[in-house]
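A.B. asks: Sharing start.csv here; it has CSV, C-alpha atoms.
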```csv
chain,number,residue,atom,x,y,z
A,1,MET,CA,-38.5,-67.0,-56.4
A,2,PHE,CA,-39.8,-68.8,-53.3
A,3,LYS,CA,-42.9,-70.8,-52.7
A,4,ALA,CA,-44.7,-70.6,-49.4
A,5,ALA,CA,-47.2,-73.1,-48.2
A,6,ILE,CA,-49.4,-71.5,-45.6
A,7,HIS,CA,-51.8,-73.5,-43.4
A,8,VAL,CA,-54.5,-71.7,-41.5
A,9,THR,CA,-56.7,-73.3,-38.8
A,10,LEU,CA,-59.1,-72.0,-36.2
A,11,LYS,CA,-57.5,-71.6,-32.8
A,12,LYS,CA,-57.9,-74.5,-30.5
A,13,SER,CA,-60.1,-72.3,-28.2
A,14,VAL,CA,-62.5,-71.6,-31.1
A,15,LEU,CA,-65.3,-74.1,-31.8
A,16,ASP,CA,-65.1,-75.5,-35.3
A,17,PRO,CA,-68.6,-76.6,-36.3
A,18,GLN,CA,-67.5,-77.5,-39.8
A,19,GLY,CA,-64.8,-79.8,-38.5
A,20,LYS,CA,-67.2,-81.4,-36.1
A,21,THR,CA,-69.7,-82.1,-38.9
A,22,VAL,CA,-67.0,-83.6,-41.2
A,23,LEU,CA,-65.8,-85.8,-38.3
A,24,HIS,CA,-69.4,-86.9,-37.7
A,25,ALA,CA,-69.7,-87.8,-41.4
A,26,LEU,CA,-66.5,-89.9,-41.2
A,27,ASP,CA,-67.7,-91.7,-38.2
A,28,GLY,CA,-71.0,-92.4,-40.0
A,29,LEU,CA,-69.0,-93.9,-42.9
A,30,GLY,CA,-67.4,-96.3,-40.5
A,31,PHE,CA,-64.0,-94.5,-40.0
A,32,LYS,CA,-64.1,-95.1,-36.3
A,33,GLU,CA,-60.4,-94.4,-36.0
A,34,ALA,CA,-61.0,-90.7,-36.8
A,35,LYS,CA,-60.9,-89.0,-33.4
A,36,ASP,CA,-60.6,-85.3,-34.1
A,37,LEU,CA,-60.8,-83.1,-37.2
A,38,ARG,CA,-60.2,-79.3,-37.7
A,39,CYS,CA,-61.1,-77.6,-41.0
A,40,GLY,CA,-58.8,-74.9,-42.2
A,41,LYS,CA,-57.4,-73.1,-45.3
A,42,TYR,CA,-54.4,-73.5,-47.4
A,43,PHE,CA,-52.6,-70.8,-49.4
A,44,GLU,CA,-49.9,-71.5,-51.9
A,45,LEU,CA,-48.0,-68.3,-52.5
A,46,THR,CA,-45.2,-67.6,-55.0
A,47,LEU,CA,-43.1,-64.6,-54.0
A,48,ASP,CA,-40.0,-62.7,-54.8
A,49,ALA,CA,-37.5,-62.4,-52.0
A,50,SER,CA,-33.7,-61.9,-51.6
A,51,SER,CA,-33.3,-64.8,-49.2
A,52,ARG,CA,-35.2,-67.5,-47.4
A,53,GLN,CA,-35.2,-65.3,-44.3
A,54,ASN,CA,-36.5,-62.4,-46.3
A,55,ALA,CA,-39.3,-64.6,-47.7
A,56,GLU,CA,-40.3,-65.6,-44.2
A,57,GLU,CA,-40.5,-62.0,-43.1
A,58,HIS,CA,-42.8,-61.2,-46.1
A,59,VAL,CA,-45.0,-64.1,-45.5
A,60,ARG,CA,-45.4,-63.4,-41.8
A,61,LYS,CA,-46.3,-59.8,-42.6
A,62,MET,CA,-48.9,-60.8,-45.1
A,63,CYS,CA,-50.4,-63.3,-42.7
A,64,ASP,CA,-50.6,-60.8,-39.9
A,65,LYS,CA,-52.0,-58.0,-42.0
A,66,VAL,CA,-54.6,-59.8,-44.1
A,67,LEU,CA,-54.4,-63.5,-44.7
A,68,ILE,CA,-55.5,-64.5,-41.2
A,69,ASN,CA,-57.6,-63.0,-38.5
A,70,PRO,CA,-55.7,-63.4,-35.2
A,71,VAL,CA,-58.9,-63.2,-33.1
A,72,ILE,CA,-60.0,-66.6,-34.4
A,73,GLU,CA,-57.2,-68.2,-36.5
A,74,GLU,CA,-53.6,-69.3,-36.3
A,75,TYR,CA,-51.2,-70.3,-39.0
A,76,SER,CA,-48.0,-72.0,-39.9
A,77,PHE,CA,-46.0,-72.1,-43.1
A,78,SER,CA,-43.1,-73.7,-44.8
A,79,ILE,CA,-40.9,-72.2,-47.6
A,80,GLU,CA,-39.3,-73.8,-50.6
A,81,GLU,CA,-36.9,-72.2,-52.9
A,82,GLY,CA,-38.0,-72.4,-56.5
A,83,LYS,CA,-36.4,-71.6,-59.9
B,84,MET,CA,-79.3,-35.5,-40.2
B,85,LYS,CA,-77.3,-36.2,-43.3
B,86,ALA,CA,-76.3,-39.8,-44.1
B,87,ALA,CA,-74.1,-41.7,-46.4
B,88,VAL,CA,-74.4,-45.3,-47.5
B,89,VAL,CA,-71.1,-46.9,-48.6
B,90,VAL,CA,-71.2,-49.2,-51.6
B,91,PHE,CA,-68.7,-52.0,-51.9
B,92,PRO,CA,-68.6,-54.4,-54.8
B,93,GLY,CA,-71.0,-57.0,-53.7
B,94,SER,CA,-73.1,-54.9,-51.3
B,95,ASN,CA,-76.7,-55.8,-51.8
B,96,CYS,CA,-78.6,-53.9,-49.0
B,97,ASP,CA,-77.2,-50.5,-50.0
B,98,THR,CA,-80.4,-49.5,-51.9
B,99,ASP,CA,-82.6,-50.8,-49.0
B,100,CYS,CA,-80.7,-48.6,-46.5
B,101,PHE,CA,-80.9,-45.6,-48.9
B,102,HIS,CA,-84.6,-46.1,-49.3
B,103,ALA,CA,-85.3,-46.5,-45.6
B,104,LEU,CA,-83.4,-43.2,-44.9
B,105,ARG,CA,-84.6,-41.2,-47.9
B,106,ASP,CA,-88.1,-42.3,-48.5
B,107,VAL,CA,-89.2,-43.6,-45.1
B,108,MET,CA,-87.3,-41.3,-42.8
B,109,LYS,CA,-87.2,-38.3,-45.2
B,110,THR,CA,-83.5,-37.9,-44.5
B,111,PRO,CA,-80.9,-36.5,-47.0
B,112,VAL,CA,-78.7,-39.5,-48.0
B,113,GLU,CA,-76.1,-40.2,-50.6
B,114,PHE,CA,-74.2,-43.2,-51.8
B,115,VAL,CA,-70.4,-43.3,-51.5
B,116,TRP,CA,-68.5,-45.7,-53.8
B,117,HIS,CA,-65.8,-47.7,-52.0
B,118,LYS,CA,-63.0,-46.2,-54.1
B,119,GLU,CA,-63.8,-42.6,-53.0
B,120,ARG,CA,-61.2,-41.0,-50.9
B,121,ALA,CA,-63.1,-37.6,-50.7
B,122,PHE,CA,-65.8,-38.2,-48.3
B,123,PRO,CA,-69.0,-36.1,-47.7
B,124,LYS,CA,-69.4,-34.6,-44.3
B,125,VAL,CA,-72.3,-36.5,-42.9
B,126,ASP,CA,-73.7,-37.3,-39.4
B,127,LEU,CA,-74.2,-41.0,-40.1
B,128,VAL,CA,-72.4,-43.5,-42.2
B,129,VAL,CA,-74.0,-46.9,-42.9
B,130,LEU,CA,-71.9,-49.9,-44.0
B,131,PRO,CA,-74.7,-52.0,-45.6
B,132,GLY,CA,-75.2,-55.7,-45.8
B,133,GLY,CA,-74.2,-57.9,-48.7
B,134,PHE,CA,-71.3,-60.0,-49.8
B,135,SER,CA,-68.5,-57.5,-50.3
B,136,TYR,CA,-65.8,-59.0,-52.5
B,137,GLY,CA,-67.8,-62.2,-52.6
B,138,ASP,CA,-66.9,-62.9,-48.9
B,139,TYR,CA,-63.6,-64.2,-50.3
B,140,LEU,CA,-60.8,-64.9,-47.7
B,141,ARG,CA,-63.1,-64.0,-44.8
B,142,THR,CA,-66.3,-61.9,-44.6
B,143,GLY,CA,-65.3,-58.2,-44.7
B,144,ALA,CA,-61.6,-59.0,-44.9
B,145,ILE,CA,-61.0,-57.4,-48.3
B,146,ALA,CA,-63.5,-54.6,-47.9
B,147,ARG,CA,-61.7,-53.2,-44.8
B,148,PHE,CA,-58.8,-52.3,-47.1
B,149,SER,CA,-61.0,-50.3,-49.5
B,150,PRO,CA,-59.8,-46.7,-50.0
B,151,VAL,CA,-63.1,-45.4,-48.5
B,152,MET,CA,-62.3,-47.1,-45.2
B,153,GLU,CA,-59.7,-44.5,-44.2
B,154,SER,CA,-62.4,-41.8,-44.3
B,155,VAL,CA,-64.9,-44.1,-42.5
B,156,LYS,CA,-62.3,-44.5,-39.7
B,157,GLN,CA,-61.8,-40.8,-39.5
B,158,HIS,CA,-65.5,-40.2,-39.4
B,159,ALA,CA,-65.8,-42.5,-36.4
B,160,ALA,CA,-62.7,-41.0,-34.8
B,161,HIS,CA,-64.5,-37.6,-34.8
B,162,GLY,CA,-67.3,-39.2,-32.8
B,163,ARG,CA,-69.8,-39.3,-35.6
B,164,TYR,CA,-72.2,-42.2,-36.0
B,165,LEU,CA,-71.2,-45.3,-37.9
B,166,LEU,CA,-73.6,-48.2,-38.3
B,167,GLY,CA,-72.5,-51.5,-39.7
B,168,ILE,CA,-75.4,-53.9,-40.6
B,169,CYS,CA,-74.7,-57.6,-41.3
B,170,ASN,CA,-71.7,-57.6,-43.8
B,171,GLY,CA,-71.1,-54.0,-42.5
B,172,PHE,CA,-70.8,-55.4,-39.0
B,173,GLN,CA,-68.3,-58.0,-40.3
B,174,ILE,CA,-66.3,-55.2,-42.0
B,175,LEU,CA,-66.2,-53.2,-38.7
B,176,LEU,CA,-64.8,-56.3,-36.9
B,177,GLU,CA,-62.2,-57.0,-39.6
B,178,ALA,CA,-61.2,-53.3,-39.5
B,179,GLY,CA,-60.8,-53.4,-35.8
B,180,LEU,CA,-63.4,-50.7,-35.2
B,181,LEU,CA,-65.2,-53.2,-33.0
B,182,PRO,CA,-63.6,-56.2,-31.1
B,183,GLY,CA,-64.1,-59.8,-31.9
B,184,ALA,CA,-64.7,-61.8,-35.1
B,185,MET,CA,-67.4,-63.7,-37.0
B,186,LEU,CA,-67.5,-67.4,-37.4
B,187,ARG,CA,-69.8,-69.6,-39.5
B,188,ASN,CA,-73.2,-70.1,-38.0
B,189,LYS,CA,-73.2,-72.9,-35.6
B,190,SER,CA,-75.8,-74.8,-37.7
B,191,LEU,CA,-73.5,-74.2,-40.8
B,192,SER,CA,-76.7,-73.0,-42.6
B,193,PHE,CA,-77.5,-69.6,-44.0
B,194,VAL,CA,-80.3,-68.3,-41.7
B,195,CYS,CA,-82.9,-66.0,-43.2
B,196,LYS,CA,-85.9,-65.1,-40.9
B,197,HIS,CA,-87.3,-62.6,-38.4
B,198,VAL,CA,-85.8,-62.9,-35.0
B,199,TRP,CA,-86.5,-61.2,-31.6
B,200,LEU,CA,-84.0,-58.7,-30.2
B,201,LYS,CA,-83.9,-57.5,-26.7
B,202,VAL,CA,-82.7,-53.9,-26.3
B,203,GLU,CA,-80.1,-54.0,-23.5
B,204,ASN,CA,-78.8,-50.5,-23.6
B,205,THR,CA,-80.9,-47.4,-24.3
B,206,GLN,CA,-78.1,-44.9,-23.4
B,207,THR,CA,-76.9,-44.8,-27.0
B,208,GLY,CA,-77.7,-42.6,-30.0
B,209,PHE,CA,-78.9,-45.7,-31.8
B,210,THR,CA,-81.4,-46.8,-29.2
B,211,LYS,CA,-82.5,-43.7,-27.2
B,212,ASN,CA,-86.0,-44.0,-28.5
B,213,MET,CA,-86.4,-47.5,-27.2
B,214,LYS,CA,-87.2,-48.8,-23.8
B,215,LYS,CA,-84.7,-51.0,-21.9
B,216,GLY,CA,-85.8,-54.6,-22.2
B,217,GLU,CA,-88.0,-53.8,-25.1
B,218,VAL,CA,-88.1,-56.7,-27.6
B,219,LEU,CA,-87.9,-55.9,-31.4
B,220,CYS,CA,-88.8,-58.0,-34.3
B,221,VAL,CA,-86.2,-57.6,-37.1
B,222,PRO,CA,-85.0,-60.0,-39.8
B,223,ILE,CA,-81.6,-61.6,-40.1
B,224,ALA,CA,-80.0,-63.1,-43.2
B,225,HIS,CA,-76.5,-64.5,-42.9
B,226,GLY,CA,-74.3,-67.5,-43.0
B,227,GLU,CA,-71.6,-66.0,-40.7
B,228,GLY,CA,-73.1,-64.2,-37.8
B,229,ASN,CA,-71.8,-66.4,-35.0
B,230,TYR,CA,-70.1,-63.7,-33.0
B,231,TYR,CA,-66.9,-64.7,-31.2
B,232,CYS,CA,-64.6,-62.9,-28.8
B,233,ASP,CA,-62.3,-64.2,-26.0
B,234,ASN,CA,-63.6,-64.2,-22.4
B,235,GLU,CA,-61.6,-61.1,-21.4
B,236,THR,CA,-63.2,-59.1,-24.2
B,237,LEU,CA,-66.6,-60.5,-23.4
B,238,ARG,CA,-66.3,-59.4,-19.7
B,239,GLU,CA,-65.3,-56.0,-20.9
B,240,LEU,CA,-68.3,-55.7,-23.3
B,241,GLN,CA,-70.6,-56.8,-20.5
B,242,GLY,CA,-69.1,-54.6,-17.9
B,243,THR,CA,-69.2,-51.5,-20.0
B,244,ASN,CA,-72.7,-52.0,-21.3
B,245,ARG,CA,-71.6,-52.3,-24.9
B,246,ILE,CA,-73.9,-55.2,-25.8
B,247,VAL,CA,-76.8,-53.3,-27.3
B,248,PHE,CA,-78.9,-56.1,-28.7
B,249,ARG,CA,-79.3,-59.8,-27.7
B,250,TYR,CA,-81.2,-62.6,-29.4
B,251,THR,CA,-84.1,-63.6,-27.2
B,252,SER,CA,-87.7,-65.0,-27.4
B,253,GLU,CA,-90.6,-62.8,-28.1
B,254,LYS,CA,-91.0,-62.3,-24.4
B,255,GLY,CA,-87.3,-61.5,-23.9
B,256,GLU,CA,-86.2,-64.8,-22.5
B,257,SER,CA,-82.7,-66.0,-23.4
B,258,GLY,CA,-81.9,-69.5,-24.4
B,259,GLU,CA,-80.2,-71.6,-27.0
B,260,ALA,CA,-83.4,-72.0,-28.9
B,261,PHE,CA,-83.6,-68.3,-29.5
B,262,ASN,CA,-80.0,-67.8,-30.6
B,263,PRO,CA,-80.0,-68.3,-34.4
B,264,ASN,CA,-76.3,-68.6,-35.0
B,265,GLY,CA,-74.4,-69.6,-31.9
B,266,SER,CA,-73.1,-66.1,-31.0
B,267,VAL,CA,-71.4,-65.9,-27.7
B,268,ASP,CA,-73.7,-64.5,-25.0
B,269,ASP,CA,-76.5,-64.2,-27.6
B,270,ILE,CA,-74.9,-61.0,-29.0
B,271,ALA,CA,-76.8,-59.6,-31.9
B,272,GLY,CA,-75.3,-56.1,-31.8
B,273,LEU,CA,-72.5,-54.3,-30.0
B,274,MET,CA,-70.9,-50.9,-29.9
B,275,ASN,CA,-67.5,-49.3,-29.3
B,276,GLU,CA,-66.4,-47.6,-26.1
B,277,LYS,CA,-67.5,-44.2,-27.2
B,278,GLY,CA,-70.9,-45.4,-28.3
B,279,ASN,CA,-70.8,-43.9,-31.8
B,280,VAL,CA,-70.0,-47.1,-33.7
B,281,LEU,CA,-72.7,-49.9,-33.7
B,282,GLY,CA,-72.4,-53.3,-35.4
B,283,MET,CA,-75.5,-55.5,-35.7
B,284,MET,CA,-76.4,-58.6,-37.7
B,285,PRO,CA,-80.1,-57.9,-38.0
B,286,HIS,CA,-81.4,-55.7,-40.7
B,287,PRO,CA,-83.3,-52.6,-39.5
B,288,GLU,CA,-83.7,-51.3,-43.0
B,289,ARG,CA,-85.8,-54.4,-43.8
B,290,ALA,CA,-88.2,-53.7,-41.0
B,291,SER,CA,-88.8,-50.0,-41.5
B,292,GLU,CA,-92.2,-50.3,-43.2
B,293,ARG,CA,-95.1,-52.6,-42.4
B,294,ILE,CA,-95.6,-53.5,-46.0
B,295,LEU,CA,-92.2,-55.3,-45.9
B,296,ALA,CA,-93.8,-58.1,-44.0
B,297,GLY,CA,-92.7,-60.0,-41.0
B,298,GLU,CA,-96.4,-61.2,-41.0
B,299,ALA,CA,-95.2,-64.7,-40.5
B,300,VAL,CA,-94.0,-63.6,-37.1
B,301,VAL,CA,-96.2,-60.6,-36.1
B,302,ALA,CA,-99.7,-60.3,-37.5
B,303,ASP,CA,-99.4,-56.8,-38.9
B,304,GLY,CA,-95.8,-56.8,-40.0
B,305,SER,CA,-92.9,-55.2,-38.2
B,306,GLU,CA,-91.5,-51.7,-38.5
B,307,ASP,CA,-89.3,-52.0,-35.3
B,308,GLY,CA,-86.2,-51.3,-37.4
B,309,ARG,CA,-87.4,-47.7,-37.7
B,310,LYS,CA,-86.7,-47.1,-34.1
B,311,ILE,CA,-83.0,-47.1,-34.8
B,312,TRP,CA,-83.4,-44.4,-37.5
B,313,GLU,CA,-85.7,-42.4,-35.2
B,314,SER,CA,-83.3,-42.6,-32.4
B,315,LEU,CA,-80.5,-41.3,-34.6
B,316,LEU,CA,-82.7,-38.5,-35.9
B,317,GLU,CA,-83.5,-37.5,-32.4
B,318,SER,CA,-79.8,-37.6,-31.3
B,319,LEU,CA,-78.7,-35.3,-34.1
```
How does this structure look as structure tokens?
C.D. replies:
Amino acid sequence: MFKAAIHVTLKKSVLDPQGKTVLHALDGLGFKEAKDLRCGKYFELTLDASSRQNAEEHVRKMCDKVLINPVIEEYSFSIEEGK
Amino acid sequence: MKAAVVVFPGSNCDTDCFHALRDVMKTPVEFVWHKERAFPKVDLVVLPGGFSYGDYLRTGAIARFSPVMESVKQHAAHGRYLLGICNGFQILLEAGLLPGAMLRNKSLSFVCKHVWLKVENTQTGFTKNMKKGEVLCVPIAHGEGNYYCDNETLRELQGTNRIVFRYTSEKGESGEAFNPNGSVDDIAGLMNEKGNVLGMMPHPERASERILAGEAVVADGSEDGRKIWESLLESL
């Protein structure tokens, strides 16, 4: 078994009004050190795979096919081997 | 004309579309459940508005993998008419039948109101009964109708006359104040290259009878949405 942690964010070229609003709220609360904020999604996926490399292939396929929309989003992930 | 309205779990404008086609336009129409693989031979398929699969993951992202979508794609590939309204438009984008994607409304709010739409292209089966530059009054109701595409795609859409409706003022003027969701280039509806697939955020089925109001915007209500059905009837 493997555990994948998948992070999805809007592409840098895509405006993120939610992120802007949250940043504005932080600023209003006095967190002046907050300079930029992007909202995203996080998936925690447990999967069967024969090896770490195999698990990576599966995750990439799932991301490209359904988990993200490549027109507006980009993703990164890390994989941990579980018991 | 024969029409079919696809029903996904979470569709909520399916009955409205069915009513507009059957009772208002006197057109034979049937519902097709999303699990159907056998698809009736019809001239028009409508993907209705709603919240298919609860909008989970992304709007339309799960619905595009419904069994019925293979038949819907074939229907479109044969050059027959396919109309995606609101969530139906979002599904067309996720399915790759139209380019681009939807983002959350710029205001982050769900917007439910009548808007003005300028008809930009009348050389389509969906708009042939309209006049170029005509302004229609049709309601919108969505939280994610902020259409986005990259610059290259936008230039292509503009250059090939595929932007069918734009948000404007009542007089047809463009401006940020008249764009309810932040859509790029004020896009409210666009079509594919062949011109047989149209996606639009506004709801023509909710403006097909005067009794369904719009009085807040136009004194005697609006039935401008009918013009789409009338155009289709005339095209077929």
A.B. asks: Counting all atoms listed in the file, what is within 10 Å of Arg38 in chain A, bar same-chain residues fewer than 2 positions away, as a list in words?
C.D. replies: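 Counting only the stated atoms, we get Thr9, Leu10, Lys11, Lys12, Leu15, Asp16, Pro17, Gln18, Gly19, Lys20, Thr21, Val22, Leu23, Asp36 and Gly40 of chain A.
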A.B. asks: Would you list the contacts of Ala55 in chain A as a VMD selection string, taking every protein, DNA or RNA residue within 10 Å and counting only C-alpha atoms, but skipping same-chain residues closer than 2 positions in sequence?
C.D. replies: chain A and resid 1 to 4 46 to 53 57 to 61 79 to 81
A.B. asks: Define the interface residues of chain A facing chain B as those within 8 Å, counting all atoms listed in the file, and report them as a PDB file with C-alpha atoms, keeping the file's coordinate frame.
C.D. replies:
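The new file result29.pdb reads:
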```
ATOM      1  CA  PRO A  17     -68.600 -76.600 -36.300  1.00  0.00           C
ATOM      2  CA  GLN A  18     -67.500 -77.500 -39.800  1.00  0.00           C
ATOM      3  CA  VAL A  66     -54.600 -59.800 -44.100  1.00  0.00           C
ATOM      4  CA  LEU A  67     -54.400 -63.500 -44.700  1.00  0.00           C
ATOM      5  CA  ASN A  69     -57.600 -63.000 -38.500  1.00  0.00           C
ATOM      6  CA  VAL A  71     -58.900 -63.200 -33.100  1.00  0.00           C
ATOM      7  CA  ILE A  72     -60.000 -66.600 -34.400  1.00  0.00           C
TER       8      ILE A  72
END
```
A.B. asks: Would you list the contacts of Gly216 in chain B as a PyMOL selection string, taking every protein, DNA or RNA residue within 10 Å and counting only C-alpha atoms, but skipping same-chain residues closer than 2 positions in sequence?
C.D. replies: chain B and resi 200-205+213-214+218-219+248-249+254-255
A.B. asks: Looking at only C-alpha atoms, which of B:Phe193, B:Trp199, B:Phe101, B:Phe172 is the one that sits closest to Glu253 in chain B?
C.D. replies: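 Closest candidate: B:Trp199.
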A.B. asks: Provide an axis-aligned box for all listed atoms of range 156-174 of chain B, padding each side by 5 Å; report its centre and its edge lengths in Å to one decimal, as AutoDock Vina command-line options.
C.D. replies:
```
--center_x -68.6 --center_y -47.8 --center_z -38.3 --size_x 23.6 --size_y 30.4 --size_z 21.0
```
A.B. asks: Find the distance between CA of Gly162 in chain B and CA of Asp307 in chain B and write it in Å to one decimal.
C.D. replies: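 Those two atoms sit 25.6 Å apart.
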A.B. asks: When you draw a straight line from CA of Leu319 in chain B to CA of Gly167 in chain B, how long is it in Å?
C.D. replies: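 So the answer is 18.2 Å.
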A.B. asks: Pick out the closest residue to Gly171 in chain B from this set: B:His286, B:Lys118, B:Arg309, B:Lys211. Count all atoms listed in the file.
C.D. replies: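 Among B:His286, B:Lys118, B:Arg309, B:Lys211, it is B:His286 that comes nearest to Gly171 in chain B.
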A.B. asks: Record the distance separating CA of Ser266 in chain B and CA of Lys41 in chain A, expressed in Å with one decimal.
C.D. replies: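 Computed distance, CA of Ser266 in chain B to CA of Lys41 in chain A, equals 22.4 Å.
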A.B. asks: How would range 33-52 of chain A read, as an mmCIF file, keeping the file's coordinate frame, once N, CA and C atoms are built in?
C.D. replies:
```
data_model
loop_
_atom_site.group_PDB
_atom_site.id
_atom_site.type_symbol
_atom_site.label_atom_id
_atom_site.label_comp_id
_atom_site.auth_asym_id
_atom_site.auth_seq_id
_atom_site.Cartn_x
_atom_site.Cartn_y
_atom_site.Cartn_z
ATOM 1 N N GLU A 33 -61.684 -94.788 -36.525
ATOM 2 C CA GLU A 33 -60.400 -94.400 -36.000
ATOM 3 C C GLU A 33 -60.216 -92.836 -36.055
ATOM 4 N N ALA A 34 -61.090 -92.136 -36.751
ATOM 5 C CA ALA A 34 -61.000 -90.700 -36.800
ATOM 6 C C ALA A 34 -61.489 -90.111 -35.467
ATOM 7 N N LYS A 35 -60.597 -89.405 -34.778
ATOM 8 C CA LYS A 35 -60.900 -89.000 -33.400
ATOM 9 C C LYS A 35 -61.130 -87.459 -33.309
ATOM 10 N N ASP A 36 -60.477 -86.708 -34.157
ATOM 11 C CA ASP A 36 -60.600 -85.300 -34.100
ATOM 12 C C ASP A 36 -60.353 -84.699 -35.465
ATOM 13 N N LEU A 37 -61.047 -83.629 -35.834
ATOM 14 C CA LEU A 37 -60.800 -83.100 -37.200
ATOM 15 C C LEU A 37 -61.036 -81.551 -37.104
ATOM 16 N N ARG A 38 -60.093 -80.801 -37.613
ATOM 17 C CA ARG A 38 -60.200 -79.300 -37.700
ATOM 18 C C ARG A 38 -60.143 -78.948 -39.154
ATOM 19 N N CYS A 39 -61.111 -78.144 -39.625
ATOM 20 C CA CYS A 39 -61.100 -77.600 -41.000
ATOM 21 C C CYS A 39 -60.227 -76.367 -41.015
ATOM 22 N N GLY A 40 -59.567 -76.141 -42.151
ATOM 23 C CA GLY A 40 -58.800 -74.900 -42.200
ATOM 24 C C GLY A 40 -58.655 -74.459 -43.679
ATOM 25 N N LYS A 41 -57.655 -73.616 -43.912
ATOM 26 C CA LYS A 41 -57.400 -73.100 -45.300
ATOM 27 C C LYS A 41 -55.954 -73.309 -45.612
ATOM 28 N N TYR A 42 -55.720 -73.326 -46.898
ATOM 29 C CA TYR A 42 -54.400 -73.500 -47.400
ATOM 30 C C TYR A 42 -54.060 -72.504 -48.459
ATOM 31 N N PHE A 43 -52.981 -71.769 -48.342
ATOM 32 C CA PHE A 43 -52.600 -70.800 -49.400
ATOM 33 C C PHE A 43 -51.236 -71.277 -49.950
ATOM 34 N N GLU A 44 -51.132 -71.224 -51.284
ATOM 35 C CA GLU A 44 -49.900 -71.500 -51.900
ATOM 36 C C GLU A 44 -49.420 -70.221 -52.597
ATOM 37 N N LEU A 45 -48.355 -69.660 -52.099
ATOM 38 C CA LEU A 45 -48.000 -68.300 -52.500
ATOM 39 C C LEU A 45 -46.575 -68.352 -53.166
ATOM 40 N N THR A 46 -46.459 -67.776 -54.350
ATOM 41 C CA THR A 46 -45.200 -67.600 -55.000
ATOM 42 C C THR A 46 -44.723 -66.185 -54.790
ATOM 43 N N LEU A 47 -43.523 -65.977 -54.309
ATOM 44 C CA LEU A 47 -43.100 -64.600 -54.000
ATOM 45 C C LEU A 47 -41.624 -64.375 -54.345
ATOM 46 N N ASP A 48 -41.331 -63.109 -54.583
ATOM 47 C CA ASP A 48 -40.000 -62.700 -54.800
ATOM 48 C C ASP A 48 -39.355 -62.311 -53.454
ATOM 49 N N ALA A 49 -38.137 -62.760 -53.215
ATOM 50 C CA ALA A 49 -37.500 -62.400 -52.000
ATOM 51 C C ALA A 49 -35.967 -62.574 -52.160
ATOM 52 N N SER A 50 -35.189 -61.811 -51.395
ATOM 53 C CA SER A 50 -33.700 -61.900 -51.600
ATOM 54 C C SER A 50 -33.118 -63.084 -50.907
ATOM 55 N N SER A 51 -33.805 -63.618 -49.913
ATOM 56 C CA SER A 51 -33.300 -64.800 -49.200
ATOM 57 C C SER A 51 -34.461 -65.542 -48.586
ATOM 58 N N ARG A 52 -34.196 -66.711 -48.094
ATOM 59 C CA ARG A 52 -35.200 -67.500 -47.400
ATOM 60 C C ARG A 52 -35.777 -66.705 -46.203
#
```
